[in-house]
Each structure stands twice: as structure tokens, then as C-alpha cells.
There are 4 protein chains.
Amino acid sequence: MWLHVNPKLSVPVYQQVIDGVKAAVAKGVLKPGDRLPSVRELAVALAINHNTVAKAYQELERDRVIEVIRGRGTFIAEPAVPPDSERRFAELRASMRKLLVDAHHLNLRPEDVLAMFQDVVHQWKREEDGHEDGHRDR
Amino acid sequence: MWLHVNPKLSVPVYQQVIDGVKAAVAKGVLKPGDRLPSVRELAVALAINHNTVAKAYQELERDRVIEVIRGRGTFIAEPAVPPDSERRFAELRASMRKLLVDAHHLNLRPEDVLAMFQDVVHQWKREEDGHEDGHRDR
Amino acid sequence: MWLHVNPKLSVPVYQQVIDGVKAAVAKGVLKPGDRLPSVRELAVALAINHNTVAKAYQELERDRVIEVIRGRGTFIAEPAVPPDSERRFAELRASMRKLLVDAHHLNLRPEDVLAMFQDVVHQWKREEDGHEDGHRDR
Amino acid sequence: MWLHVNPKLSVPVYQQVIDGVKAAVAKGVLKPGDRLPSVRELAVALAINHNTVAKAYQELERDRVIEVIRGRGTFIAEPAVPPDSERRFAELRASMRKLLVDAHHLNLRPEDVLAMFQDVVHQWKREEDGHEDGHRDR
DNA sequence: GTGGTCTAGACCACC
DNA sequence: GTGGTCTAGACCACC
């Protein structure tokens with residue numbers, strides 16, 4: 001299963017579902033056109049309430065990450081610039097600045113953070129390659 | 001004023017105060033030994049309740065960002081590695097991975113994010129220099 | 001009821017709640033997975049304000065004694081070494097030294113304190129056994 | 001100097017003075033008949049307010065740890081059972097039980113605590129011997 | 001239902 | 001003056 005959820009975390013469960021789907025898409029585990037489990041199926045699989053899954057799917061649809069086709073099911077959407085993307089760019093920059101603040105309080109200088117981030121990017125890409133291969137094999 | 005707060009945001013007001021103080025320290029606007037406004041003063045200045053400021057100050061003290069001297073006031077602490085820093089490092093890496101996910105859904109590749117991050121770091125350092133100079137001039 | 005609170009004492013009420021829960025866990029009265037009363041229920045039972053209970057629960061969660069599952073309730077956590085435990089060990093030794101100082105002013109020599117402590121430990125274990133049996137009998 | 005005080009700690013300064021004097025007596029650094037600095041002298045030496053020292057001395061006198069002889073000065077009292085000593089014995093036992101609770105949450109069993117306490121006692125006595133010698137030499 | 005946040009206002013110990 | 005605690009009561013997100 002490409003999705004797990006932990007009700008003990010402070011992050012709301014519905015948000016964990018959103019984050020999980022987005023991460024799977026970003027990692028290439030889920031590709032445009034892939035079918036998602038139905039709300040009820042996913043709720044059972046994750047042992048959570050179906051309302052929680054429904055809320056997550058609604059928000060993912062608003063963000064154009066998934067498409068709900070009535071009577072057919074739920075699918076990963078083609079990559080698209082999400083609505084309100086100017087604001088989202090600003091938020092991304094804000095997140096990066098927050099990263100620098102948090103790092104400062106771990107006694108890291110900006111250069112250290114940059115190096116750490118490069119490391120994370122490299123690891124990310126290595127994992128991505130793994131998934132590409134996996135898909136090629138099918 | 002180096003701190004502003006917006007009660008309309010979904011992030012709690014007390015958390016905004018915490019983030020604001022940490023950011024000011026990271027930026028060099030506040031330096032070790034500097035005195036913070038009293039709980040009541042800051043509450044009036046931000047137009048929020050004193051309990052909200054008190055909660056923020058208490059959490060900042062637990063994180064060793066500030067030191068409270070009872071009956072005297074509140075001061076920026078010497079830089080210190082916070083408790084539980086191993087966990088915090090893991091969280092920092094997780095934040096970086098989340099950044100990559102969010103960026104993917106804005107049609108940015110990891111290289112783009114890295115470039116954007118470098119840009120943010122450069123801007124950060126330019127601002128930092130400004131503060132250094134400002135202090136030197138006094 | 002395994003918890004009582006006395007607002008007349010100089011130790012804050014929320015701290016008494018924290019100490020009481022920790023003691024119940026240490027004594028085996030509360031076991032991992034056990035559900036705690038809700039914030040409001042406990043507040044009514046102890047005749048204190050719900051904010052006071054909430055503050056205690058939040059601190060207990062930070063110390064990993066309990067786990068809060070939002071919208072569901074509060075539960076005793078699996079035993080875990082708390083963050084910052086090196087510091088806590090030092091505090092434990094300091095408490096022991098303070099014990100020796102206080103005992104000196106009651107005209108007790110260190111050997112007397114040690115004997116008294118052994119006695120307290122024995123009584124503690126007898127009580128613990130009682131709880132074990134009680135659970136077994138059910 | 002046998003006494004130090006740290007206003008940054010959460011323990012009130014006047015309480016630190018009380019604890020410090022009691023510890024010095026228990027360790028043999030101060031002996032019955034020894035003269036304490038005047039309130040003003042000690043306040044200057046510790047860089048604290050003289051009211052704070054006065055408050056500490058008053059409580060030490062109430063506990064029969066020191067004796068104030070008007071016009072002459074302040075002296076360490078002969079060892080004496082303090083007033084209300086029955087209550088103090090109960091408190092000592094309560095402190096020991098609290099030690100066991102705190103230790104439980106550091107994953108220590110009562111036997112571990114007992115061993116640790118024995119270790120603390122041994123170290124304490126070694127330090128005491130050191131002081132005895134120092135006094136003999138005078 | 002659950003816990004989390006916030007305000008308004010009181011009272012307290014400490015310095 | 002300083003921060004810390006507590007109550008009463010409101011509103012909110014989450015499940």
C-alpha cells in the first residue's frame with residue numbers, strides 16, 4: 001500500500017491523506033489516469049472514517065490533483081497548474097524561509113541548510129529512478 | 001515593530017508569536033541578552049490577550065529561545081542546541097521532502113526547487129548583512 | 001477515583017494533575033492504551049476548570065506520557081524514554097542530594113535516609129503487587 | 001564562596017539562598033556558631049536585592065537553621081529538631097515516592113533507583129570526608 | 001462527541 | 001513592576 005495514516009500524529013487524518021496522495025503523485029508511484037480506491041474502500045483499508053476520506057478527495061479535486069468522474073471513479077489528473085498558483089508560489093518561498101528559521105535554531109547556517117537540501121534532493125531523485133524502473137518492468 | 005500577528009489565519013495566534021520571535025532571532029533583529037516586551041506590553045501592542053502571549057513565551061522558554069527571569073522580564077537566550085534535536089533534524093528533512101512534493105504540484109522539478117531555494121538563501125543573507133551593518137553603525 | 005487535587009496547596013493544580021497521572025502510571029493503576037477521562041469530564045470530577053485539565057494533558061503529551069487522538073480521546077502511551085532524558089537524569093540525582101540535605105536538618109544521617117528509602121521502596125513494591133493481583137483477578 | 005545563585009532558574013532566588021545555606025550546613029561547610037554575612041553583605045556578594053536575602057534569613061530562622069542575635073549578627077544554630085518535624089518526615093517520604101514516580105518515567109525500576117541513591121550517598125560521604133579534613137587542618 | 005484556542009478578568013508570588 | 005495560574009465562557013476543527 002502506498003498510503004499510510006497515523007491518527008496519533010497532530011496532523012489531521014484527512015490532511016495526511018491529501019499529503020500522501022500528493023506525495024505518491026510527486027514520487028511517480030501514482031501516474032495520471034491511475035484509478036484511486038473508492039472513498040469506502042480507502043476508508044476500510046486505512047481503518048478510518050469514510051467522511052475523512054471524502055473530505056480529502058474533495059480538497060484534492062479542488063486542487064486539480066485528482067478527477068472524480070461520476071459513476072466511473074476517481075483518477076489522478078493530468079499535471080496542471082493548480083488554481084491560485086501565484087499565492088502558492090509565495091507560500092513555497094515562505095516555507096523555505098521558515099526552514100531557514102528553524103535551521104538557525106538548530107545551530108545551522110544557511111549554507112548548511114542548502115547542503116542538507118541538496119542531499120535530500122539527491123536522495124529523492126535516486127528513489128524516483130527506482131520507481132521509473134519499476135514501471136518500465138511492468 | 002518586528003512582530004505582527006493575524007488572527008484570521010488558521011495558524012494559532014500564539015504560534016505566530018513563537019514563529020515571529022524565532023524569525024527575529026534568526027534574522028539577527030533580536031540578539032542574545034535583548035529584552036523582550038513584557039507579556040502585557042506585547043499583548044497590548046499586538047491587540048491580543050495577555051494569556052496568549054504568556055503561552056507563546058512559555059513555549060519559547062521550553063525551547064530555550066528565551067529566558068524568563070521572574071519579576072524582572074524576558075530575554076533572548078544564548079544560542080543553544082534545543083532538547084530533542086535529533087527528532088528536530090528528522091523533522092527538518094521531512095519539511096524539505098514536503099517542499100519537493102508541493103513544488104511538484106506547481107510543475108516544478110527538483111532542480112527548479114533547488115534554484116529557488118538558493119535564491120531564497122541569497123536574499124536571506126543580503127537581509128542579514130543589512131542587520132549586521134545596522135548594528136555596527138550604532 | 002485515582003486522582004485528587006487540592007487547590008490550597010502551593011503546587012499549581014495543573015501540576016498536581018500531571019503528577020497524579022504520572023504516579024498512576026508508575027503504580028500500574030493506569031496502563032498503556034487505557035483511556036483517560038475527557039478534558040471536560042475530568043474537570044467536572046475534580047471541580048476545576050477545563051482549561052486547567054487541558055494544560056495538564058498538553059504537558060503530559062509533550063512528555064510522551066499520554067497520546068491525544070483528536071476527536072477521539074486521550075490514552076496512556078507506551079513507555080518511552082522522554083526527550084532530554086540526560087538532563088532529567090541529572091535532575092534526579094539533584095533531587096536525591098536535596099533529600100540528603102533536608103534529612104540532615106531532621107537530624108538524620110545518610111545511612112538513616114538510605115534505610116528510610118529502602119523502606120519506601122519496599123512499601124511501593126507491595127502496593128504494586130496489589131495492583132498486579134487486582135488485574136489478574138479480573 | 002560557598003553560595004551561588006542563578007536568577008535564570010525557575011526556583012525563586014530567595015529559595016536558592018535557603019537551599020544553599022542548608023546544603024552548606026549539611027555538608028559541614030558551615031558549622032554551628034559560624035557567622036553568616038549580614039543581609040546587605042550577602043546581597044552585594046550575590047548581586048541580588050537585600051529584601052530577597054532578608055526573606056531567606058527569616059525563613060531559615062523560623063526553621064532553626066540560623067540564629068539572629070540583634071546587634072551581633074547571624075549565626076549557624078546548634079543542630080535542633082525543627083518545628084513541625086512530624087509533617088516534615090511525611091514530606092520526606094512523599095519526596096521519596098515522587099522520586100520513584102519520576103524514575104519510572106525514565107524507565108528505571110525501583111531497584112535501579114535504590115542503586116542510584118546508594119551511589120549518591122557514597123559520593124556525598126566522600127565529599128564530606130574532604131570537608132572534615134579541611135576543618136581539622138585549621 | 002473530542003481536544004485546542006482565545007478573551008476578559010481576577011489573584012498571586014516574586015523582585 | 002514582572003510572569004504564572006485559574007475561572008468562566010465562547011468558538012472552532014476534527015472525527
# chains A, B, ... in the order shown; residues from 1 in each chain; ligands from 1
>>> select_by_dssp(residues="chain A", states="alpha helix (DSSP H)", output="PyMOL selection string")
chain A and resi 13-27+39-46+50-62+85-104+110-137
>>> interface_residues(of="chain C", to="chain B", cutoff="12 Å", atoms="only C-alpha atoms", output="PyMOL selection string")
chain C and resi 51+55+58-59+62-63+81-88
>>> interface_residues(of="chain F", to="chain C", cutoff="9 Å", atoms="only C-alpha atoms (C1' of nucleotides)", output="list in words")
DT5, DC6, DT7, DA8, DC14 and DC15 of chain F
>>> write_last_selection(atoms="C-alpha atoms (C1' of nucleotides)", output="PDB file, in the first residue's frame")
ATOM      1  C1'  DT F   5      -2.279  30.466  37.376  1.00  0.00           C
ATOM      2  C1'  DC F   6      -7.077  29.969  37.294  1.00  0.00           C
ATOM      3  C1'  DT F   7     -12.026  30.608  36.133  1.00  0.00           C
ATOM      4  C1'  DA F   8     -15.950  31.339  33.036  1.00  0.00           C
ATOM      5  C1'  DC F  14     -11.825  17.203  13.713  1.00  0.00           C
ATOM      6  C1'  DC F  15     -13.974  12.563  13.728  1.00  0.00           C
TER       7       DC F  15
END
>>> residues_around(residues="Arg109 (chain B)", least_positions_apart="4", cutoff="12 Å", atoms="only C-alpha atoms (C1' of nucleotides)", output="list in words")
Ala26, Lys27, Val121, Trp124, Lys125 and Glu128 of chain A; Leu99, Leu100, Val101, Asp102, Ala103, His104, His105, Val113, Leu114, Ala115 and Met116 of chain B
>>> write_last_selection(atoms="N, CA and C atoms", output="PDB file, in the first residue's frame")
ATOM      1  N   ALA A  26       3.879  12.869  -6.741  1.00  0.00           N
ATOM      2  CA  ALA A  26       5.171  13.528  -6.956  1.00  0.00           C
ATOM      3  C   ALA A  26       6.280  12.499  -7.118  1.00  0.00           C
ATOM      4  N   LYS A  27       6.180  11.385  -6.415  1.00  0.00           N
ATOM      5  CA  LYS A  27       7.198  10.343  -6.484  1.00  0.00           C
ATOM      6  C   LYS A  27       7.014   9.451  -7.714  1.00  0.00           C
ATOM      7  N   VAL A 121      17.446  16.334  -2.029  1.00  0.00           N
ATOM      8  CA  VAL A 121      17.074  16.282  -3.448  1.00  0.00           C
ATOM      9  C   VAL A 121      17.714  15.068  -4.118  1.00  0.00           C
ATOM     10  N   TRP A 124      15.963  11.945  -3.065  1.00  0.00           N
ATOM     11  CA  TRP A 124      14.655  11.958  -3.735  1.00  0.00           C
ATOM     12  C   TRP A 124      14.763  11.421  -5.162  1.00  0.00           C
ATOM     13  N   LYS A 125      15.776  11.942  -5.882  1.00  0.00           N
ATOM     14  CA  LYS A 125      15.910  11.541  -7.286  1.00  0.00           C
ATOM     15  C   LYS A 125      16.304  10.067  -7.414  1.00  0.00           C
ATOM     16  N   GLU A 128      13.216   8.191  -7.026  1.00  0.00           N
ATOM     17  CA  GLU A 128      12.406   8.383  -8.235  1.00  0.00           C
ATOM     18  C   GLU A 128      12.867   7.409  -9.333  1.00  0.00           C
TER      19      GLU A 128
ATOM     20  N   LEU B  99       8.389  20.028   0.818  1.00  0.00           N
ATOM     21  CA  LEU B  99       8.627  21.133  -0.117  1.00  0.00           C
ATOM     22  C   LEU B  99       8.690  20.609  -1.547  1.00  0.00           C
ATOM     23  N   LEU B 100       9.380  19.502  -1.724  1.00  0.00           N
ATOM     24  CA  LEU B 100       9.523  18.917  -3.063  1.00  0.00           C
ATOM     25  C   LEU B 100       8.176  18.424  -3.594  1.00  0.00           C
ATOM     26  N   VAL B 101       7.376  17.861  -2.704  1.00  0.00           N
ATOM     27  CA  VAL B 101       6.047  17.400  -3.113  1.00  0.00           C
ATOM     28  C   VAL B 101       5.193  18.586  -3.568  1.00  0.00           C
ATOM     29  N   ASP B 102       5.141  19.613  -2.708  1.00  0.00           N
ATOM     30  CA  ASP B 102       4.325  20.785  -3.053  1.00  0.00           C
ATOM     31  C   ASP B 102       4.799  21.398  -4.373  1.00  0.00           C
ATOM     32  N   ALA B 103       6.119  21.448  -4.530  1.00  0.00           N
ATOM     33  CA  ALA B 103       6.677  22.053  -5.750  1.00  0.00           C
ATOM     34  C   ALA B 103       6.296  21.245  -6.983  1.00  0.00           C
ATOM     35  N   HIS B 104       6.308  19.931  -6.847  1.00  0.00           N
ATOM     36  CA  HIS B 104       5.912  19.082  -7.978  1.00  0.00           C
ATOM     37  C   HIS B 104       4.534  19.476  -8.489  1.00  0.00           C
ATOM     38  N   HIS B 105       3.626  19.791  -7.559  1.00  0.00           N
ATOM     39  CA  HIS B 105       2.255  20.110  -7.963  1.00  0.00           C
ATOM     40  C   HIS B 105       2.124  21.541  -8.457  1.00  0.00           C
ATOM     41  N   VAL B 113      13.361  23.677  -7.759  1.00  0.00           N
ATOM     42  CA  VAL B 113      13.181  23.978  -6.332  1.00  0.00           C
ATOM     43  C   VAL B 113      14.518  24.362  -5.715  1.00  0.00           C
ATOM     44  N   LEU B 114      15.534  23.602  -6.107  1.00  0.00           N
ATOM     45  CA  LEU B 114      16.871  23.885  -5.587  1.00  0.00           C
ATOM     46  C   LEU B 114      17.300  25.302  -5.965  1.00  0.00           C
ATOM     47  N   ALA B 115      17.067  25.665  -7.221  1.00  0.00           N
ATOM     48  CA  ALA B 115      17.437  27.018  -7.679  1.00  0.00           C
ATOM     49  C   ALA B 115      16.666  28.067  -6.889  1.00  0.00           C
ATOM     50  N   MET B 116      15.373  27.806  -6.713  1.00  0.00           N
ATOM     51  CA  MET B 116      14.519  28.740  -5.972  1.00  0.00           C
ATOM     52  C   MET B 116      15.019  28.864  -4.535  1.00  0.00           C
TER      53      MET B 116
END
>>> residues_around(residues="Tyr57 (chain A)", least_positions_apart="4", cutoff="12 Å", atoms="only C-alpha atoms (C1' of nucleotides)", output="number ranges by chain")
A: 14-22, 36-40, 42-43, 50-53, 61-68, 73-76
>>> write_last_selection(atoms="N, CA and C atoms", output="mmCIF file, in the first residue's frame")
data_model
loop_
_atom_site.group_PDB
_atom_site.id
_atom_site.type_symbol
_atom_site.label_atom_id
_atom_site.label_comp_id
_atom_site.auth_asym_id
_atom_site.auth_seq_id
_atom_site.Cartn_x
_atom_site.Cartn_y
_atom_site.Cartn_z
ATOM 1 N N TYR A 14 -7.358 13.654 7.644
ATOM 2 C CA TYR A 14 -7.729 13.990 6.254
ATOM 3 C C TYR A 14 -6.559 14.679 5.556
ATOM 4 N N GLN A 15 -5.787 15.472 6.303
ATOM 5 C CA GLN A 15 -4.622 16.146 5.721
ATOM 6 C C GLN A 15 -3.526 15.135 5.390
ATOM 7 N N GLN A 16 -3.395 14.112 6.212
ATOM 8 C CA GLN A 16 -2.399 13.069 5.926
ATOM 9 C C GLN A 16 -2.751 12.344 4.631
ATOM 10 N N VAL A 17 -4.057 12.152 4.394
ATOM 11 C CA VAL A 17 -4.471 11.505 3.147
ATOM 12 C C VAL A 17 -4.103 12.389 1.955
ATOM 13 N N ILE A 18 -4.424 13.675 2.066
ATOM 14 C CA ILE A 18 -4.075 14.626 0.995
ATOM 15 C C ILE A 18 -2.570 14.595 0.740
ATOM 16 N N ASP A 19 -1.798 14.745 1.803
ATOM 17 C CA ASP A 19 -0.343 14.764 1.659
ATOM 18 C C ASP A 19 0.163 13.466 1.046
ATOM 19 N N GLY A 20 -0.438 12.362 1.465
ATOM 20 C CA GLY A 20 0.004 11.054 0.970
ATOM 21 C C GLY A 20 -0.240 10.898 -0.517
ATOM 22 N N VAL A 21 -1.405 11.300 -0.966
ATOM 23 C CA VAL A 21 -1.715 11.195 -2.393
ATOM 24 C C VAL A 21 -0.776 12.105 -3.186
ATOM 25 N N LYS A 22 -0.637 13.336 -2.724
ATOM 26 C CA LYS A 22 0.252 14.279 -3.423
ATOM 27 C C LYS A 22 1.677 13.739 -3.496
ATOM 28 N N LEU A 36 -7.899 5.673 -8.338
ATOM 29 C CA LEU A 36 -7.783 5.632 -6.882
ATOM 30 C C LEU A 36 -8.865 4.713 -6.329
ATOM 31 N N PRO A 37 -8.644 4.158 -5.141
ATOM 32 C CA PRO A 37 -9.704 3.379 -4.495
ATOM 33 C C PRO A 37 -10.919 4.274 -4.251
ATOM 34 N N SER A 38 -12.078 3.657 -4.164
ATOM 35 C CA SER A 38 -13.264 4.452 -3.831
ATOM 36 C C SER A 38 -13.128 4.967 -2.400
ATOM 37 N N VAL A 39 -13.936 5.938 -2.081
ATOM 38 C CA VAL A 39 -13.920 6.516 -0.741
ATOM 39 C C VAL A 39 -14.074 5.416 0.316
ATOM 40 N N ARG A 40 -15.058 4.539 0.104
ATOM 41 C CA ARG A 40 -15.326 3.494 1.106
ATOM 42 C C ARG A 40 -14.158 2.511 1.185
ATOM 43 N N LEU A 42 -11.000 2.952 0.452
ATOM 44 C CA LEU A 42 -9.823 3.538 1.099
ATOM 45 C C LEU A 42 -10.058 3.683 2.602
ATOM 46 N N ALA A 43 -11.278 4.045 2.952
ATOM 47 C CA ALA A 43 -11.600 4.193 4.374
ATOM 48 C C ALA A 43 -11.374 2.874 5.112
ATOM 49 N N HIS A 50 -15.158 7.114 6.635
ATOM 50 C CA HIS A 50 -15.255 7.444 5.202
ATOM 51 C C HIS A 50 -15.442 8.947 4.980
ATOM 52 N N ASN A 51 -16.033 9.622 5.962
ATOM 53 C CA ASN A 51 -16.159 11.080 5.827
ATOM 54 C C ASN A 51 -14.786 11.743 5.713
ATOM 55 N N THR A 52 -13.847 11.160 6.427
ATOM 56 C CA THR A 52 -12.490 11.719 6.416
ATOM 57 C C THR A 52 -11.868 11.584 5.031
ATOM 58 N N VAL A 53 -12.068 10.412 4.404
ATOM 59 C CA VAL A 53 -11.536 10.208 3.053
ATOM 60 C C VAL A 53 -12.251 11.139 2.065
ATOM 61 N N GLU A 61 -9.556 17.282 -5.318
ATOM 62 C CA GLU A 61 -10.195 17.638 -6.579
ATOM 63 C C GLU A 61 -10.133 19.152 -6.798
ATOM 64 N N ARG A 62 -10.381 19.900 -5.751
ATOM 65 C CA ARG A 62 -10.298 21.359 -5.857
ATOM 66 C C ARG A 62 -8.902 21.794 -6.323
ATOM 67 N N ASP A 63 -7.884 21.047 -5.875
ATOM 68 C CA ASP A 63 -6.503 21.385 -6.240
ATOM 69 C C ASP A 63 -6.100 20.776 -7.583
ATOM 70 N N ARG A 64 -7.072 20.108 -8.276
ATOM 71 C CA ARG A 64 -6.806 19.513 -9.594
ATOM 72 C C ARG A 64 -5.750 18.406 -9.546
ATOM 73 N N VAL A 65 -5.595 17.769 -8.400
ATOM 74 C CA VAL A 65 -4.679 16.633 -8.308
ATOM 75 C C VAL A 65 -5.398 15.370 -8.782
ATOM 76 N N ILE A 66 -6.684 15.264 -8.481
ATOM 77 C CA ILE A 66 -7.479 14.112 -8.917
ATOM 78 C C ILE A 66 -8.719 14.605 -9.653
ATOM 79 N N GLU A 67 -9.344 13.680 -10.396
ATOM 80 C CA GLU A 67 -10.600 13.997 -11.071
ATOM 81 C C GLU A 67 -11.632 12.941 -10.689
ATOM 82 N N VAL A 68 -12.780 13.405 -10.295
ATOM 83 C CA VAL A 68 -13.855 12.479 -9.967
ATOM 84 C C VAL A 68 -14.806 12.428 -11.162
ATOM 85 N N GLY A 73 -15.477 6.627 -11.261
ATOM 86 C CA GLY A 73 -14.477 6.513 -10.207
ATOM 87 C C GLY A 73 -13.612 7.756 -10.102
ATOM 88 N N THR A 74 -12.516 7.607 -9.388
ATOM 89 C CA THR A 74 -11.626 8.734 -9.101
ATOM 90 C C THR A 74 -10.250 8.450 -9.699
ATOM 91 N N PHE A 75 -9.695 9.419 -10.415
ATOM 92 C CA PHE A 75 -8.449 9.198 -11.137
ATOM 93 C C PHE A 75 -7.455 10.327 -10.906
ATOM 94 N N ILE A 76 -6.171 9.981 -11.026
ATOM 95 C CA ILE A 76 -5.142 11.018 -10.965
ATOM 96 C C ILE A 76 -5.269 11.884 -12.213
#
>>> atom_distance(atom1="CA of Pro110 (chain C)", atom2="CA of Ser10 (chain C)")
28.5 Å
>>> atom_distance(atom1="CA of His122 (chain A)", atom2="CA of Ala90 (chain A)")
24.5 Å
>>> atom_distance(atom1="CA of Leu108 (chain B)", atom2="CA of Asp34 (chain A)")
21.1 Å
>>> residues_around(residues="Ala47 (chain A)", least_positions_apart="6", cutoff="10 Å", atoms="only C-alpha atoms (C1' of nucleotides)", output="list of chain:residue names")
A:His4, A:Val5, A:Asn6, A:Pro7, A:Glu41
